[in-house]
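Okay, final.cif is below, mmCIF, C-alpha atoms and all ligand atoms:
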```cif
data_model
#
loop_
_atom_site.label_atom_id
_atom_site.label_comp_id
_atom_site.auth_asym_id
_atom_site.auth_seq_id
_atom_site.Cartn_x
_atom_site.Cartn_y
_atom_site.Cartn_z
CA ASP R 20 16.42 0.10 -21.34
CA HIS R 21 14.70 3.46 -20.95
CA LEU R 22 11.99 2.08 -23.23
CA ALA R 23 11.68 -1.11 -21.20
CA ASN R 24 11.26 1.08 -18.12
CA GLN R 25 8.58 3.15 -19.75
CA ILE R 26 6.73 0.03 -20.85
CA ALA R 27 6.88 -1.33 -17.30
CA ALA R 28 5.75 2.08 -16.08
CA GLY R 29 2.64 1.66 -18.19
CA GLU R 30 1.72 -1.34 -16.06
CA VAL R 31 2.95 -0.24 -12.66
CA VAL R 32 2.41 3.51 -12.73
CA GLU R 33 -0.98 4.42 -14.03
CA ARG R 34 -1.44 7.55 -11.98
CA PRO R 35 -0.05 9.39 -8.95
CA ALA R 36 -1.76 7.00 -6.53
CA SER R 37 -0.06 3.97 -8.07
CA ALA R 38 3.35 5.63 -7.77
CA LEU R 39 2.54 6.51 -4.18
CA LYS R 40 1.54 2.92 -3.47
CA GLU R 41 4.94 1.64 -4.60
CA LEU R 42 6.80 4.24 -2.55
CA VAL R 43 4.82 3.56 0.62
CA GLU R 44 5.30 -0.19 0.22
CA ASN R 45 9.04 0.33 -0.13
CA SER R 46 9.08 2.41 3.05
CA LEU R 47 7.20 -0.32 4.90
CA ASP R 48 9.52 -2.98 3.51
CA ALA R 49 12.44 -0.91 4.82
CA GLY R 50 11.13 -1.27 8.37
CA SER R 51 10.09 2.36 8.79
CA ASN R 52 8.17 3.51 11.84
CA LYS R 53 7.24 6.90 10.48
CA ILE R 54 6.09 7.57 6.93
CA LYS R 55 5.36 11.07 5.76
CA VAL R 56 3.65 11.71 2.44
CA VAL R 57 3.86 15.19 0.96
CA LEU R 58 1.75 15.97 -2.10
CA GLU R 59 1.29 18.94 -4.37
CA ALA R 60 -1.53 19.34 -6.86
CA GLY R 61 -3.00 15.93 -6.16
CA GLY R 62 0.40 14.35 -6.72
CA LYS R 63 0.58 15.65 -10.29
CA ARG R 64 3.18 18.25 -9.39
CA ARG R 65 4.89 16.39 -6.55
CA ILE R 66 4.76 13.16 -4.58
CA ARG R 67 7.26 12.82 -1.79
CA VAL R 68 7.56 9.95 0.66
CA GLU R 69 9.92 10.37 3.61
CA ASP R 70 10.69 7.48 5.92
CA ASP R 71 12.91 6.57 8.85
CA GLY R 72 13.66 3.08 7.57
CA ARG R 73 16.95 1.30 7.13
CA GLY R 74 18.13 3.53 4.30
CA MET R 75 20.61 2.87 1.50
CA ASP R 76 24.21 3.70 0.78
CA LYS R 77 25.31 5.11 -2.54
CA ASP R 78 25.68 1.74 -4.27
CA ASP R 79 22.28 0.60 -3.00
CA CYS R 80 20.69 3.78 -4.33
CA LEU R 81 22.18 3.35 -7.77
CA MET R 82 21.21 -0.33 -7.76
CA ALA R 83 17.64 0.47 -6.70
CA LEU R 84 17.21 2.49 -9.87
CA GLU R 85 18.28 -0.38 -12.09
CA ARG R 86 15.57 -2.50 -13.60
CA HIS R 87 14.94 -5.80 -11.80
CA ALA R 88 17.34 -4.85 -9.05
CA THR R 89 15.41 -5.95 -6.03
CA SER R 90 17.15 -6.61 -2.75
CA LYS R 91 14.19 -8.71 -1.68
CA LEU R 92 14.63 -11.87 -3.75
CA THR R 93 17.74 -13.94 -3.66
CA ARG R 94 16.66 -17.13 -5.40
CA ALA R 95 14.07 -17.85 -8.03
CA GLU R 96 12.18 -20.10 -5.60
CA ASP R 97 11.62 -17.07 -3.41
CA LEU R 98 8.96 -15.99 -5.87
CA PHE R 99 6.77 -18.65 -4.30
CA SER R 100 7.18 -17.44 -0.75
CA ILE R 101 6.97 -13.71 -1.05
CA ARG R 102 6.99 -11.99 2.31
CA SER R 103 7.89 -8.44 1.56
CA LEU R 104 5.41 -6.23 -0.26
CA GLY R 105 7.65 -5.43 -3.20
CA PHE R 106 9.51 -8.08 -5.11
CA ARG R 107 9.69 -7.25 -8.76
CA GLY R 108 12.34 -4.58 -8.59
CA GLU R 109 10.69 -2.50 -11.25
CA ALA R 110 8.81 0.17 -9.37
CA LEU R 111 11.57 2.71 -8.87
CA PRO R 112 13.08 2.52 -12.37
CA SER R 113 9.57 2.65 -13.85
CA ILE R 114 8.58 5.72 -11.88
CA ALA R 115 11.94 7.33 -12.65
CA SER R 116 11.41 6.83 -16.37
CA VAL R 117 8.27 8.95 -16.38
CA SER R 118 9.16 11.72 -13.91
CA ARG R 119 11.87 13.84 -12.41
CA LEU R 120 12.89 11.75 -9.45
CA THR R 121 15.08 12.61 -6.51
CA LEU R 122 16.21 9.84 -4.21
CA GLU R 123 17.84 10.74 -0.93
CA SER R 124 18.93 8.20 1.61
CA ARG R 125 21.20 7.47 4.53
CA ARG R 126 21.85 4.42 6.60
CA ALA R 127 22.14 5.02 10.35
CA GLU R 128 25.68 3.65 10.34
CA ASP R 129 26.92 6.05 7.65
CA GLU R 130 28.18 9.57 8.28
CA ALA R 131 26.68 11.14 5.22
CA GLY R 132 23.74 10.46 2.97
CA VAL R 133 23.45 10.50 -0.78
CA ARG R 134 21.17 12.27 -3.23
CA VAL R 135 20.52 10.99 -6.73
CA GLU R 136 18.60 13.09 -9.25
CA LEU R 137 17.15 11.72 -12.45
CA HIS R 138 15.21 13.23 -15.31
CA GLY R 139 13.22 10.53 -17.07
CA SER R 140 15.77 7.78 -16.22
CA LYS R 141 18.73 9.98 -17.16
CA MET R 142 21.13 10.24 -14.27
CA PHE R 143 21.54 13.89 -13.62
CA LYS R 144 23.51 14.32 -10.46
CA VAL R 145 24.82 12.29 -7.54
CA THR R 146 25.80 14.27 -4.46
CA GLU R 147 26.62 13.72 -0.82
CA VAL R 148 24.10 15.21 1.60
CA SER R 149 23.72 15.61 5.31
CA ARG R 150 20.37 14.19 6.42
CA PRO R 151 18.81 11.99 9.08
CA PRO R 152 18.80 8.20 8.58
CA GLY R 153 16.08 6.91 6.27
CA THR R 154 14.95 7.58 2.75
CA SER R 155 13.12 10.33 0.97
CA ILE R 156 11.91 9.91 -2.59
CA THR R 157 10.47 12.83 -4.50
CA VAL R 158 8.59 12.32 -7.75
CA ASP R 159 8.05 15.59 -9.58
CA GLN R 160 5.96 16.18 -12.68
CA LEU R 161 4.78 12.65 -13.25
CA PHE R 162 4.43 11.91 -16.99
CA PHE R 163 6.21 15.15 -17.97
CA ASN R 164 7.72 13.20 -20.87
CA ILE R 165 4.54 11.31 -21.84
CA PRO R 166 1.93 13.92 -22.79
CA ALA R 167 -0.60 11.26 -23.79
CA ARG R 168 -0.61 9.88 -20.24
CA LYS R 169 -0.49 13.24 -18.60
CA LYS R 170 -3.63 14.23 -20.44
CA PHE R 171 -5.52 11.39 -18.78
CA LEU R 172 -4.76 12.52 -15.25
CA ARG R 173 -7.92 13.65 -13.48
CA LYS R 174 -8.54 16.85 -11.64
CA THR R 175 -6.62 17.51 -8.46
CA GLU R 176 -9.43 16.55 -6.04
CA THR R 177 -9.97 13.23 -7.79
CA GLU R 178 -6.32 12.22 -7.85
CA LEU R 179 -6.00 13.42 -4.25
CA SER R 180 -8.97 11.37 -3.06
CA TRP R 181 -7.38 8.19 -4.42
CA MET R 182 -4.18 8.99 -2.58
CA VAL R 183 -6.01 9.77 0.65
CA ASN R 184 -7.76 6.38 0.35
CA LEU R 185 -4.47 4.68 -0.20
CA VAL R 186 -2.80 6.17 2.85
CA THR R 187 -5.93 5.39 4.87
CA GLN R 188 -5.72 1.76 3.77
CA TYR R 189 -2.05 1.37 4.64
CA SER R 190 -2.58 3.07 7.96
CA MET R 191 -5.19 0.42 8.75
CA ALA R 192 -2.83 -2.43 7.96
CA HIS R 193 0.00 -0.85 9.96
CA ILE R 194 -1.50 0.64 13.07
CA ASP R 195 1.84 0.71 14.88
CA LYS R 196 3.30 3.16 12.37
CA HIS R 197 3.06 6.94 12.34
CA PHE R 198 1.52 8.20 9.08
CA ILE R 199 1.45 11.82 8.02
CA LEU R 200 -0.20 13.16 4.88
CA GLU R 201 0.22 16.73 3.64
CA HIS R 202 -1.31 18.29 0.57
CA ASN R 203 -0.34 21.74 -0.73
CA GLY R 204 1.16 22.55 2.67
CA ARG R 205 -1.90 21.45 4.68
CA THR R 206 -1.79 18.47 7.04
CA LEU R 207 -4.65 16.14 6.14
CA MET R 208 -3.65 13.25 8.39
CA ASP R 209 -1.36 12.88 11.36
CA LEU R 210 -1.91 9.43 12.82
CA SER R 211 0.21 8.59 15.80
CA PRO R 212 0.95 4.90 16.35
CA VAL R 213 -1.73 2.93 18.21
CA SER R 214 -1.96 -0.61 19.55
CA GLN R 215 -5.51 -1.55 18.53
CA LEU R 216 -7.31 -1.44 15.20
CA LYS R 217 -10.27 0.21 16.92
CA GLU R 218 -8.13 3.18 17.84
CA ARG R 219 -6.99 3.68 14.26
CA VAL R 220 -10.56 3.44 12.97
CA TYR R 221 -11.42 6.06 15.56
CA GLN R 222 -8.59 8.33 14.33
CA HIS R 223 -10.07 8.22 10.85
CA PHE R 224 -13.80 7.92 11.26
CA GLY R 225 -14.67 8.95 14.83
CA LYS R 226 -16.88 7.55 17.53
CA GLN R 227 -20.12 6.92 15.61
CA PHE R 228 -18.20 4.47 13.49
CA ILE R 229 -16.58 2.34 16.14
CA ASP R 230 -19.79 2.16 18.14
CA HIS R 231 -21.33 0.26 15.20
CA LEU R 232 -18.58 -2.28 14.67
CA VAL R 233 -18.03 -5.68 16.25
CA PRO R 234 -14.77 -7.60 16.36
CA PHE R 235 -14.37 -11.04 14.82
CA GLU R 236 -11.46 -13.40 15.10
CA GLY R 237 -10.85 -17.06 14.44
CA GLU R 238 -8.86 -19.78 12.73
CA ARG R 239 -9.59 -22.68 10.49
CA ASP R 240 -6.67 -24.96 9.87
CA TRP R 241 -4.07 -22.63 8.30
CA LEU R 242 -6.50 -19.76 7.76
CA LYS R 243 -6.44 -16.90 10.29
CA VAL R 244 -9.12 -14.22 10.12
CA SER R 245 -9.65 -11.13 12.24
CA GLY R 246 -11.01 -7.61 12.09
CA LEU R 247 -13.97 -5.37 12.71
CA THR R 248 -17.30 -5.50 10.91
CA SER R 249 -20.65 -3.67 10.87
CA LEU R 250 -23.49 -4.46 13.16
CA PRO R 251 -26.46 -5.35 10.91
CA SER R 252 -27.89 -1.89 11.71
CA PHE R 253 -24.87 -0.21 10.06
CA LEU R 254 -24.94 -1.44 6.46
CA LYS R 255 -23.92 0.74 3.52
CA THR R 256 -25.00 0.85 -0.11
CA SER R 257 -21.46 0.67 -1.49
CA ARG R 258 -18.23 -1.16 -0.85
CA ASN R 259 -16.43 2.11 -0.10
CA TYR R 260 -15.85 1.15 3.50
CA GLN R 261 -14.48 -2.32 2.89
CA PHE R 262 -10.81 -2.78 3.62
CA LEU R 263 -9.41 -6.21 2.81
CA PHE R 264 -5.88 -7.31 3.62
CA VAL R 265 -4.21 -10.61 2.85
CA ASN R 266 -0.92 -11.14 4.67
CA GLY R 267 -0.74 -7.41 5.26
CA ARG R 268 -1.27 -6.60 1.60
CA LEU R 269 -4.27 -4.56 0.57
CA VAL R 270 -6.32 -6.49 -1.98
CA LYS R 271 -9.45 -6.39 -4.05
CA ASP R 272 -10.96 -9.80 -4.37
CA LYS R 273 -14.30 -11.08 -5.65
CA ILE R 274 -14.16 -14.25 -3.56
CA LEU R 275 -13.71 -12.29 -0.36
CA GLY R 276 -16.36 -9.75 -1.41
CA HIS R 277 -18.77 -12.60 -1.93
CA ALA R 278 -17.88 -14.23 1.39
CA ILE R 279 -18.58 -10.93 3.16
CA SER R 280 -21.99 -10.55 1.49
CA GLU R 281 -22.91 -14.13 2.39
CA ALA R 282 -21.98 -13.54 6.02
CA TYR R 283 -24.79 -10.96 6.16
CA GLN R 284 -27.40 -13.17 4.51
CA GLY R 285 -30.65 -12.74 6.42
CA PHE R 286 -29.45 -9.54 8.12
CA GLY R 287 -30.58 -7.10 5.43
CA GLU R 288 -32.24 -6.66 2.05
CA GLY R 289 -30.85 -5.94 -1.41
CA LYS R 290 -27.38 -4.67 -2.20
CA ILE R 291 -26.03 -3.97 1.23
CA TYR R 292 -22.44 -3.84 2.27
CA PRO R 293 -21.00 -3.81 5.75
CA VAL R 294 -18.22 -1.52 6.84
CA ILE R 295 -15.45 -4.04 7.31
CA PHE R 296 -11.78 -4.15 8.15
CA LEU R 297 -10.81 -7.70 7.28
CA PHE R 298 -7.38 -9.18 7.90
CA ILE R 299 -6.53 -12.60 6.59
CA GLN R 300 -3.33 -14.53 7.21
CA VAL R 301 -2.57 -17.57 5.09
CA PRO R 302 0.67 -19.46 4.44
CA SER R 303 2.47 -17.94 1.45
CA ALA R 304 2.01 -21.22 -0.48
CA GLU R 305 -1.77 -20.74 -0.31
CA VAL R 306 -1.86 -17.45 -2.17
CA ASP R 307 -0.52 -16.16 -5.47
CA VAL R 308 0.14 -12.44 -5.34
CA ASN R 309 1.85 -12.35 -8.67
CA VAL R 310 -1.25 -12.19 -10.86
CA HIS R 311 -0.94 -8.48 -11.64
CA PRO R 312 1.98 -6.05 -11.53
CA ALA R 313 -0.02 -3.57 -9.47
CA LYS R 314 -0.37 -6.41 -6.95
CA THR R 315 -3.86 -5.56 -5.71
CA GLU R 316 -5.28 -8.87 -6.85
CA VAL R 317 -4.61 -12.22 -5.28
CA LYS R 318 -5.44 -15.77 -6.19
CA PHE R 319 -6.17 -18.26 -3.46
CA ILE R 320 -5.09 -21.80 -4.20
CA ASN R 321 -7.96 -23.21 -2.11
CA ALA R 322 -10.52 -20.52 -2.87
CA ASN R 323 -13.56 -22.39 -1.53
CA PHE R 324 -11.91 -23.11 1.77
CA VAL R 325 -10.95 -19.46 2.21
CA HIS R 326 -14.39 -18.26 1.11
CA ASP R 327 -16.32 -20.45 3.54
CA GLY R 328 -13.93 -19.88 6.43
CA VAL R 329 -14.05 -16.11 6.04
CA ARG R 330 -17.85 -16.12 5.71
CA ASP R 331 -18.38 -18.23 8.82
CA LEU R 332 -15.88 -16.37 10.98
CA ILE R 333 -17.42 -12.98 10.08
CA ARG R 334 -20.93 -14.33 10.61
CA ALA R 335 -20.24 -15.76 14.07
CA PRO R 336 -20.45 -12.50 16.07
CA LEU R 337 -23.54 -11.44 14.07
CA LEU R 338 -25.36 -14.62 15.05
CA GLN R 339 -24.24 -14.11 18.63
CA GLN R 340 -25.58 -10.55 18.64
CA ARG R 341 -28.95 -11.83 17.42
CA ALA R 342 -29.15 -14.67 19.94
P1 LIG M 1 11.11 -3.91 -5.07
O1 LIG M 1 10.36 -3.19 -3.99
O2 LIG M 1 10.20 -4.76 -5.90
O3 LIG M 1 12.35 -4.61 -4.57
P2 LIG M 1 11.57 -1.29 -6.12
O4 LIG M 1 11.90 -0.79 -7.48
O5 LIG M 1 10.31 -0.79 -5.49
O6 LIG M 1 11.61 -2.85 -6.14
O7 LIG M 1 12.78 -0.91 -5.18
C1 LIG M 1 14.08 -1.36 -5.52
C2 LIG M 1 14.95 -1.53 -4.30
O8 LIG M 1 15.26 -0.25 -3.74
C3 LIG M 1 14.33 -2.29 -3.16
O9 LIG M 1 14.49 -3.67 -3.30
C4 LIG M 1 15.07 -1.75 -1.94
O10 LIG M 1 16.28 -2.45 -1.77
C5 LIG M 1 15.41 -0.33 -2.33
N1 LIG M 1 14.49 0.66 -1.74
C6 LIG M 1 13.47 1.28 -2.37
N2 LIG M 1 12.84 2.14 -1.56
C7 LIG M 1 13.47 2.07 -0.36
C8 LIG M 1 13.28 2.72 0.93
N3 LIG M 1 12.30 3.62 1.12
N4 LIG M 1 14.14 2.40 1.91
C9 LIG M 1 15.13 1.50 1.72
N5 LIG M 1 15.36 0.84 0.56
C10 LIG M 1 14.54 1.12 -0.48
MG MG M 2 8.88 -1.84 -4.26
#
```
Please lay out the structure from this file as structure tokens.
Amino acid sequence: DHLANQIAAGEVVERPASALKELVENSLDAGSNKIKVVLEAGGKRRIRVEDDGRGMDKDDCLMALERHATSKLTRAEDLFSIRSLGFRGEALPSIASVSRLTLESRRAEDEAGVRVELHGSKMFKVTEVSRPPGTSITVDQLFFNIPARKKFLRKTETELSWMVNLVTQYSMAHIDKHFILEHNGRTLMDLSPVSQLKERVYQHFGKQFIDHLVPFEGERDWLKVSGLTSLPSFLKTSRNYQFLFVNGRLVKDKILGHAISEAYQGFGEGKIYPVIFLFIQVPSAEVDVNVHPAKTEVKFINANFVHDGVRDLIRAPLLQQRA
């Protein structure tokens, strides 16, 4: 089973940022309002995610570390209507198999919390602890037992930049949550909850940025689209400032990328990319999120419909600006 976990880890946990992604998604799934990420050495030495979510009792904690133990699916059919971010039940055991992992948790209704320590899947210690409600997962020395993988980790600044991007992305999708990011004892982000996307963009990128964005919002049948996008005077030469979310899940998607480019047809020359924060809501039957274990790719069942709808709804305020 340890081997199965390590094989799964190969797919799910490529680097510190992918481990962090799983941990943050779990915290969001647990209904947390505050998520604090603490990193050391670009996550290579330590990744810790602390939340104030619903927490787990001792049995839940032990279960969570078992392969395919997800509390989020009850029937096989649920696979087709996935609402929570995680659903495979393999993230925690995978991460545990390639690190020294400490899981601490407490439910609000319990007196005491529990701490479980593992070294590369081997249960090391289970103790009772006194702690506030919520969960804290610490991943130390990722890949300590897989030298070949460890060797491929990049330098601290590179790994860190991926993790900063990740937290930025989640903070955009969840503006009502408090996100904190610390690295080597320094606070890099402390984003108090806000009620409008514009305010969160401001927290990250400042005034120049929001002055050059216009809102868009609209529906087509079951497709709901909203967000903020560049004025034609604020186009970039890379996609670095494109944030795409489908049903709250951060995605990379060629169809959407293409729809965005088409929306700007006639507004600029060459390879130009708007700064965009795009949020799409579709019924769960219209999207397959199960195409890749890392879950950043999606497949739309009616891809053309989504493409054209997204393009037109983004383009509308641009045409209005020009008129
Ligand atoms: P999945 O998210 O696919 O269910 P994971 O391996 O990521 O699988 O997590 C296993 C289980 O552990 C989850 O289903 C959930 O019940 C529990 N869990 C993990 N992280 C947390 C957390 N931060 N707060 C509460 N429960 C958690
Ligand atoms: Mg998960």
For this session: Find the residues near ligand MG 2 (chain M). Use a cut-off of 6 Å, count all atoms listed in the file, and write them as number ranges by chain.
Result: R: 41, 44-45, 105, 110
Polymer residues at most 6 Å from region 148-165 of chain R, only C-alpha atoms, same-chain spacing of 4 or more positions, as a PDB file with C-alpha atoms, keeping the file's coordinate frame:
```pdb
ATOM      1  CA  LYS R  63       0.580  15.650 -10.290  1.00  0.00           C
ATOM      2  CA  ARG R  64       3.180  18.250  -9.390  1.00  0.00           C
ATOM      3  CA  ARG R  65       4.890  16.390  -6.550  1.00  0.00           C
ATOM      4  CA  ILE R  66       4.760  13.160  -4.580  1.00  0.00           C
ATOM      5  CA  ARG R  67       7.260  12.820  -1.790  1.00  0.00           C
ATOM      6  CA  VAL R  68       7.560   9.950   0.660  1.00  0.00           C
ATOM      7  CA  GLU R  69       9.920  10.370   3.610  1.00  0.00           C
ATOM      8  CA  ASP R  70      10.690   7.480   5.920  1.00  0.00           C
ATOM      9  CA  ASP R  71      12.910   6.570   8.850  1.00  0.00           C
ATOM     10  CA  GLY R  72      13.660   3.080   7.570  1.00  0.00           C
ATOM     11  CA  ARG R  73      16.950   1.300   7.130  1.00  0.00           C
ATOM     12  CA  GLY R  74      18.130   3.530   4.300  1.00  0.00           C
ATOM     13  CA  VAL R 117       8.270   8.950 -16.380  1.00  0.00           C
ATOM     14  CA  SER R 118       9.160  11.720 -13.910  1.00  0.00           C
ATOM     15  CA  ARG R 119      11.870  13.840 -12.410  1.00  0.00           C
ATOM     16  CA  LEU R 120      12.890  11.750  -9.450  1.00  0.00           C
ATOM     17  CA  THR R 121      15.080  12.610  -6.510  1.00  0.00           C
ATOM     18  CA  LEU R 122      16.210   9.840  -4.210  1.00  0.00           C
ATOM     19  CA  GLU R 123      17.840  10.740  -0.930  1.00  0.00           C
ATOM     20  CA  SER R 124      18.930   8.200   1.610  1.00  0.00           C
ATOM     21  CA  ARG R 125      21.200   7.470   4.530  1.00  0.00           C
ATOM     22  CA  ARG R 126      21.850   4.420   6.600  1.00  0.00           C
ATOM     23  CA  ALA R 127      22.140   5.020  10.350  1.00  0.00           C
ATOM     24  CA  ALA R 131      26.680  11.140   5.220  1.00  0.00           C
ATOM     25  CA  GLY R 132      23.740  10.460   2.970  1.00  0.00           C
ATOM     26  CA  VAL R 133      23.450  10.500  -0.780  1.00  0.00           C
ATOM     27  CA  LYS R 169      -0.490  13.240 -18.600  1.00  0.00           C
TER      28      LYS R 169
END
```
Exercise. Looking at R:Glu109, R:Glu136, R:Glu130, R:Asp209, which one is nearest to ligand LIG 1 (chain M), with distances taken over only C-alpha atoms and all ligand atoms?
Worked result: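 Counting only C-alpha atoms and all ligand atoms, the residue closest to ligand LIG 1 (chain M) is R:Glu109.
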Exercise. Which residue gives the smallest distance to ligand LIG 1 (chain M) among R:Asp195, R:Glu59, R:Asp76, R:Asp240, with all atoms listed in the file counted?
Worked result: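 The answer is R:Asp76, which sits nearest to ligand LIG 1 (chain M).
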For this session: Rounded to one decimal place, report the CA of Tyr292 (chain R)-CA of Ile320 (chain R) distance in Å.
Result: 25.8 Å
Problem set entry | Given only C-alpha atoms as the counted atoms, nearest of R:Pro166, R:Pro212, R:Gly287, R:Pro336 to Gly237 (chain R) |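 Of R:Pro166, R:Pro212, R:Gly287, R:Pro336, the one nearest Gly237 (chain R) is R:Pro336, counting only C-alpha atoms.
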For this session: Find the spatial neighbours of region 217-232 of chain R, counting all atoms listed in the file, within a cut-off of 10 Å - ignore same-chain residues fewer than 2 positions away - and output them as number ranges by chain.
Result: R: 187, 190-195, 208-215, 234-235, 246-254, 293-296
Exercise. Closest to Val325 (chain R) among R:Leu216, R:Val183, R:Leu22, R:Val244, using all atoms listed in the file?
Worked result: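 Checking each candidate against Val325 (chain R), we get R:Val244 as the closest.
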Exercise. In Å, how far is it from atom P2 of ligand LIG 1 (chain M) to CA of Leu111 (chain R)?
Worked result: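 Those two atoms sit 4.9 Å apart.
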Rebuild region 311-331 of chain R so that it carries N, CA and C atoms, then output the result as an mmCIF file, in the coordinates of the input.
```cif
data_model
loop_
_atom_site.group_PDB
_atom_site.id
_atom_site.type_symbol
_atom_site.label_atom_id
_atom_site.label_comp_id
_atom_site.auth_asym_id
_atom_site.auth_seq_id
_atom_site.Cartn_x
_atom_site.Cartn_y
_atom_site.Cartn_z
ATOM 1 N N HIS R 311 -0.924 -9.778 -10.961
ATOM 2 C CA HIS R 311 -0.940 -8.480 -11.640
ATOM 3 C C HIS R 311 0.178 -7.598 -11.110
ATOM 4 N N PRO R 312 0.854 -6.858 -11.990
ATOM 5 C CA PRO R 312 1.980 -6.050 -11.530
ATOM 6 C C PRO R 312 1.584 -5.050 -10.437
ATOM 7 N N ALA R 313 0.367 -4.544 -10.489
ATOM 8 C CA ALA R 313 -0.020 -3.570 -9.470
ATOM 9 C C ALA R 313 -0.293 -4.269 -8.137
ATOM 10 N N LYS R 314 -0.361 -5.598 -8.157
ATOM 11 C CA LYS R 314 -0.370 -6.410 -6.950
ATOM 12 C C LYS R 314 -1.574 -6.159 -6.038
ATOM 13 N N THR R 315 -2.697 -5.718 -6.578
ATOM 14 C CA THR R 315 -3.860 -5.560 -5.710
ATOM 15 C C THR R 315 -4.754 -6.796 -5.779
ATOM 16 N N GLU R 316 -4.476 -7.667 -6.746
ATOM 17 C CA GLU R 316 -5.280 -8.870 -6.850
ATOM 18 C C GLU R 316 -4.514 -10.077 -6.352
ATOM 19 N N VAL R 317 -5.238 -10.993 -5.760
ATOM 20 C CA VAL R 317 -4.610 -12.220 -5.280
ATOM 21 C C VAL R 317 -5.388 -13.405 -5.817
ATOM 22 N N LYS R 318 -4.750 -14.550 -5.789
ATOM 23 C CA LYS R 318 -5.440 -15.770 -6.190
ATOM 24 C C LYS R 318 -5.197 -16.785 -5.091
ATOM 25 N N PHE R 319 -6.293 -17.237 -4.490
ATOM 26 C CA PHE R 319 -6.170 -18.260 -3.460
ATOM 27 C C PHE R 319 -6.120 -19.629 -4.102
ATOM 28 N N ILE R 320 -5.217 -20.461 -3.638
ATOM 29 C CA ILE R 320 -5.090 -21.800 -4.200
ATOM 30 C C ILE R 320 -6.326 -22.627 -3.830
ATOM 31 N N ASN R 321 -6.751 -22.522 -2.550
ATOM 32 C CA ASN R 321 -7.960 -23.210 -2.110
ATOM 33 C C ASN R 321 -9.064 -22.175 -1.858
ATOM 34 N N ALA R 322 -9.598 -21.661 -2.960
ATOM 35 C CA ALA R 322 -10.520 -20.520 -2.870
ATOM 36 C C ALA R 322 -11.779 -20.848 -2.070
ATOM 37 N N ASN R 323 -12.327 -22.046 -2.251
ATOM 38 C CA ASN R 323 -13.560 -22.390 -1.530
ATOM 39 C C ASN R 323 -13.351 -22.451 -0.030
ATOM 40 N N PHE R 324 -12.225 -23.001 0.340
ATOM 41 C CA PHE R 324 -11.910 -23.110 1.770
ATOM 42 C C PHE R 324 -11.801 -21.731 2.403
ATOM 43 N N VAL R 325 -11.117 -20.818 1.707
ATOM 44 C CA VAL R 325 -10.950 -19.460 2.210
ATOM 45 C C VAL R 325 -12.314 -18.758 2.267
ATOM 46 N N HIS R 326 -13.071 -18.891 1.186
ATOM 47 C CA HIS R 326 -14.390 -18.260 1.110
ATOM 48 C C HIS R 326 -15.270 -18.675 2.287
ATOM 49 N N ASP R 327 -15.406 -19.972 2.506
ATOM 50 C CA ASP R 327 -16.320 -20.450 3.540
ATOM 51 C C ASP R 327 -15.817 -20.106 4.936
ATOM 52 N N GLY R 328 -14.508 -20.213 5.125
ATOM 53 C CA GLY R 328 -13.930 -19.880 6.430
ATOM 54 C C GLY R 328 -14.161 -18.421 6.768
ATOM 55 N N VAL R 329 -13.881 -17.548 5.813
ATOM 56 C CA VAL R 329 -14.050 -16.110 6.040
ATOM 57 C C VAL R 329 -15.518 -15.795 6.324
ATOM 58 N N ARG R 330 -16.409 -16.348 5.517
ATOM 59 C CA ARG R 330 -17.850 -16.120 5.710
ATOM 60 C C ARG R 330 -18.278 -16.519 7.121
ATOM 61 N N ASP R 331 -17.915 -17.715 7.530
ATOM 62 C CA ASP R 331 -18.380 -18.230 8.820
ATOM 63 C C ASP R 331 -17.789 -17.440 9.995
#
```
